[in-house]
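Everything on this sheet refers to the single structure shown next.
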Amino acid sequence: MNFVVRLSLVLALLLAGGCASLSQQQRDQAQGIAVAARSTEVNCDRADRCALDSPLRALGGQAMAESTAQAPRHYATILDEGELSLVARLNLIRSATRSVDLQTYIFDTDDSARMVIDELLAAAARGVKVRVLIDQLSAISDVHMLSALSGAHANFELRVYNPTFGKAKLNYLDYAGSVLCCFRRFNQRMHNKLLVIDDVLGVVGGRNYQDDYYDWDREYNFRDRDVIVAGPEVREMAANFQAFWVARRSVPAERLNDVGKALLRGGVPALPEASFLHPERIERVDEEAADPDFINQAFVATALPVQSVSYVADLPRKHRRERAEEPLAGQHLTEPRLDALIASAQSEVLLQTPYLVLSKPAQKLFKDLRKRDQPPRVVVSTNSLAATDNPIVYALSYKYKRRNLRELGFNIYEYKPFPLDAPIDYRQLLPPALDGLPPVPERNRVIGGSAAGSNVRGSGSGRKPSVNGSEVERDVLRTETRPSFLGTRAVNRPLPVTRKGARMGLHAKSMVVDRRIAVIGTHNFDPRSENYNTEGAVIINDPRFAEALAQSILRDVHPDNSWVVAPRQKPPVLSGLNYSIGKASEALPVLDFWPWRYATDYEFKPGPDCPQPLRRQDPGFHACYSAVGDFPEVDVGPKWLLVRMLTAFGAGLVPIL
């Protein structure tokens, strides 16, 4: 399609969508309205801005006081449980004395997100400088809310990264227009998740600001992970945030076309009143965030002094097409650092990623490891089809199971939708009639177990029974790994499953190399993270911390929580023919038609002859494990599922998924 035709189509779509851009003068006027409406009243005259006396904030001060230029001092705490990670965020915001910088991909307006918004505004009213940077694609799109926040307080600023067509809220005409005119730019998203308090404490990890990330959804929640870092390296986090804050693609909310129109039309509206779905949990979390003893026990007592900490993150330059003569340094940082760590592995790589879609460079990296005389063991914790929030992306990892097992040597564990021993307080996810069930004690672990030094309040708090209660019914945009125009929300949502109850999907992005180097961040180890999204990660070189993270990942791959992927037992006849046809079908560029797969999912069967879990390479594996099918616990008709899988097998989708 030539440029003139594309441009004509885009203009027609934009006109049909009623998205006439504001002039520069109108944007200035809208911004002037917002700035003039901002309150300058500060309700505290103390030097510390009436900050909450927090043991966690004190840990940051302690780390800075103990540090020298030659010997920096850091502490790190793994945040495994969802609700506790929300408590930590609220406490940190309340304890800020100078500044709060928050950067995220998804920012909803549900219970957990609204609690954070209210705390940020309260901090601004105390005199703390608050800056919030959200990606446009999946963050707040409520024009009324954005208009209210744009004029809320002089100490509160909100910017939106890479707003397509200069808007906060897009419709399908906008999506279609973005494909025709600016496909690459539309897909260049800011996937970084970062919270920086006073430049001394930072939170990095996979969690966005939405109930699903804090175990507050009664239908579907994410098994995720963050890390709190205290010490001088947080200044690098602050510097990276600043680079995004001043980038040309970071636009003040009041200068967006739809927000600006609302401001010009009616001025700054009042902030919508909070309407919490579950006031009792709001009260519980509010009290815990204000309780110094609780904070000390949950986050300070579990903090580990660590030897070496570095924050690595892409910069907005990753989203520019550089000329060949311009240096690339500083443009694309996260993936090369993580690749180098994997390449340095001697004995083991523990990799946890929600989406296992390997680019060609990633395949080469692991193939090179496999060629060594003594290749390191590679353990991959990822989602099953029943657990994933994105079935289309799962389909691509399903397509290449043979390659991942046989050629790359992966040991793959697929997360169950109803894990029995996840780091979660199951009681708040059960229907009221079942809330009184007694907890089941945690069993002894052969592999896995609670992470040393972790702050899991719900560890072993109970086995999740089969309950009557839930399918994914709400229209929630949960997935963050695909461009929204690929399908409707119904297509890009978790699939129906055979049981009812609040299920979980893996969202943690972590890695441990040789039980020595630990990584917690936002990188999904897929082509989208490599090519389109900006990412960030904390790298900690410390054996004790690495072991704590390793145990957290191993807990997720325990048979209570994951199925193991392994080759099928060879049939007595035609096994070679089946393998050859399957391999040829896998190589097809569009469809993978062969239904008899090389590998499938297995469930551990403990017994006298099988006292503990085995690796798939163990000769006794098939005696202790039973096949449960390619898509265990997925409740859809086989014909519909086949169509769904075939349409997702397009190799051309790999770079954007």
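In the structure tokens, each chain is lettered A, B, ... as it comes, each chain's residues begin at 1, and ligands are numbered from 1 in order of appearance.
Every protein or nucleic acid residue with an atom no more than 7 Å from Pro305 (chain A), counting only C-alpha atoms and leaving out same-chain residues fewer than 3 positions away, appears here: His74, Tyr75 and Ala76 of chain A.
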**Asked** Using only C-alpha atoms, which of the listed residues (A:Ala340, A:Ala422, A:Leu158, A:Val285) sits closest to Pro252 (chain A)?
**Response** A:Leu158
**Item:** Non-local contacts of Arg255 (chain A) (7 Å; only C-alpha atoms; under 4 positions in same chain excluded) as a list in words
**Value:**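 So, after excluding close chain neighbours, the residues are Arg27, Ala30, Gln31, Val251, Val259 and Gly260 of chain A.
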Please produce a file of the residues just selected, as a PDB file, in the first residue's frame, where the atoms kept are N, CA, C and O atoms.
```
ATOM      1  N   ARG A  27      -3.718  23.638  23.347  1.00  0.00           N
ATOM      2  CA  ARG A  27      -3.022  22.836  24.359  1.00  0.00           C
ATOM      3  C   ARG A  27      -2.462  23.722  25.457  1.00  0.00           C
ATOM      4  O   ARG A  27      -2.530  23.380  26.645  1.00  0.00           O
ATOM      5  N   ALA A  30      -5.329  24.720  27.655  1.00  0.00           N
ATOM      6  CA  ALA A  30      -5.760  23.618  28.524  1.00  0.00           C
ATOM      7  C   ALA A  30      -4.779  23.417  29.666  1.00  0.00           C
ATOM      8  O   ALA A  30      -5.177  23.221  30.829  1.00  0.00           O
ATOM      9  N   GLN A  31      -3.502  23.489  29.360  1.00  0.00           N
ATOM     10  CA  GLN A  31      -2.501  23.347  30.411  1.00  0.00           C
ATOM     11  C   GLN A  31      -2.593  24.497  31.403  1.00  0.00           C
ATOM     12  O   GLN A  31      -2.447  24.297  32.617  1.00  0.00           O
ATOM     13  N   VAL A 251       4.102  13.004  27.755  1.00  0.00           N
ATOM     14  CA  VAL A 251       3.258  14.175  27.535  1.00  0.00           C
ATOM     15  C   VAL A 251       2.436  14.456  28.793  1.00  0.00           C
ATOM     16  O   VAL A 251       1.777  13.545  29.319  1.00  0.00           O
ATOM     17  N   VAL A 259      -8.223  14.975  26.860  1.00  0.00           N
ATOM     18  CA  VAL A 259      -8.192  15.607  28.182  1.00  0.00           C
ATOM     19  C   VAL A 259      -8.230  17.126  28.037  1.00  0.00           C
ATOM     20  O   VAL A 259      -8.959  17.820  28.760  1.00  0.00           O
ATOM     21  N   GLY A 260      -7.450  17.648  27.083  1.00  0.00           N
ATOM     22  CA  GLY A 260      -7.448  19.091  26.859  1.00  0.00           C
ATOM     23  C   GLY A 260      -8.809  19.619  26.465  1.00  0.00           C
ATOM     24  O   GLY A 260      -9.241  20.681  26.932  1.00  0.00           O
TER      25      GLY A 260
END
```
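Shortest separation to Ala301 (chain A) among A:Leu102, A:Met145, A:Ala270, A:Leu59 occurs at residue A:Leu59, atoms counted being only C-alpha atoms.
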**Item:** Selected residue of minimal separation from Arg73 (chain A) among A:Val229, A:Val35, A:Arg568, A:Ser147, counting only C-alpha atoms
**Value:**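 Looking at the shortest contact to Arg73 (chain A), the residue is A:Val229.
Of the residues listed (A:Lys570, A:Arg515, A:Gln617, A:Asp199), A:Arg515 shows the shortest atom-to-atom separation from Arg544 (chain A); distances use only C-alpha atoms.
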**Request:** Could you give me, as a ChimeraX atom specification, the residues within 8 Å of Tyr532 (chain A), counting only C-alpha atoms and dropping anything in the same chain fewer than 2 positions from it?
**Result:** /A:184,187-189,319,527-530,534,656
Taking only C-alpha atoms into account, produce a table as a tab-separated table in which each residue of region 268-380 of chain A with an atom at most 8 Å from an atom of region 239-246 of chain A appears once, together with its shortest atom pair and the distance in Å to one decimal, ordered by chain and rising number.
```
residue	atom	partner	partner_atom	distance
A:Ala313	CA	A:Asn240	CA	7.2
A:Leu315	CA	A:Ala243	CA	6.9
A:Pro316	CA	A:Phe244	CA	6.1
```
Export of the given selection (N, CA and C atoms) as an mmCIF file, in the first residue's frame:
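For reference, part-v2.cif as written:
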```
data_model
loop_
_atom_site.group_PDB
_atom_site.id
_atom_site.type_symbol
_atom_site.label_atom_id
_atom_site.label_comp_id
_atom_site.auth_asym_id
_atom_site.auth_seq_id
_atom_site.Cartn_x
_atom_site.Cartn_y
_atom_site.Cartn_z
ATOM 1 N N ALA A 313 18.313 -0.678 32.915
ATOM 2 C CA ALA A 313 17.029 -0.379 32.280
ATOM 3 C C ALA A 313 17.262 0.286 30.938
ATOM 4 N N LEU A 315 16.445 2.885 27.886
ATOM 5 C CA LEU A 315 16.131 4.309 27.849
ATOM 6 C C LEU A 315 15.160 4.584 26.700
ATOM 7 N N PRO A 316 14.517 5.741 26.708
ATOM 8 C CA PRO A 316 13.588 6.051 25.611
ATOM 9 C C PRO A 316 14.237 6.003 24.233
#
```
**Prompt:** Per DSSP on the backbone, what are the helix (DSSP H, G or I) residues of region 108-213 of chain A, as an NGL selection string?
**Reply:** :A and (111-126 or 143-150 or 164-166 or 172-187 or 211-213)
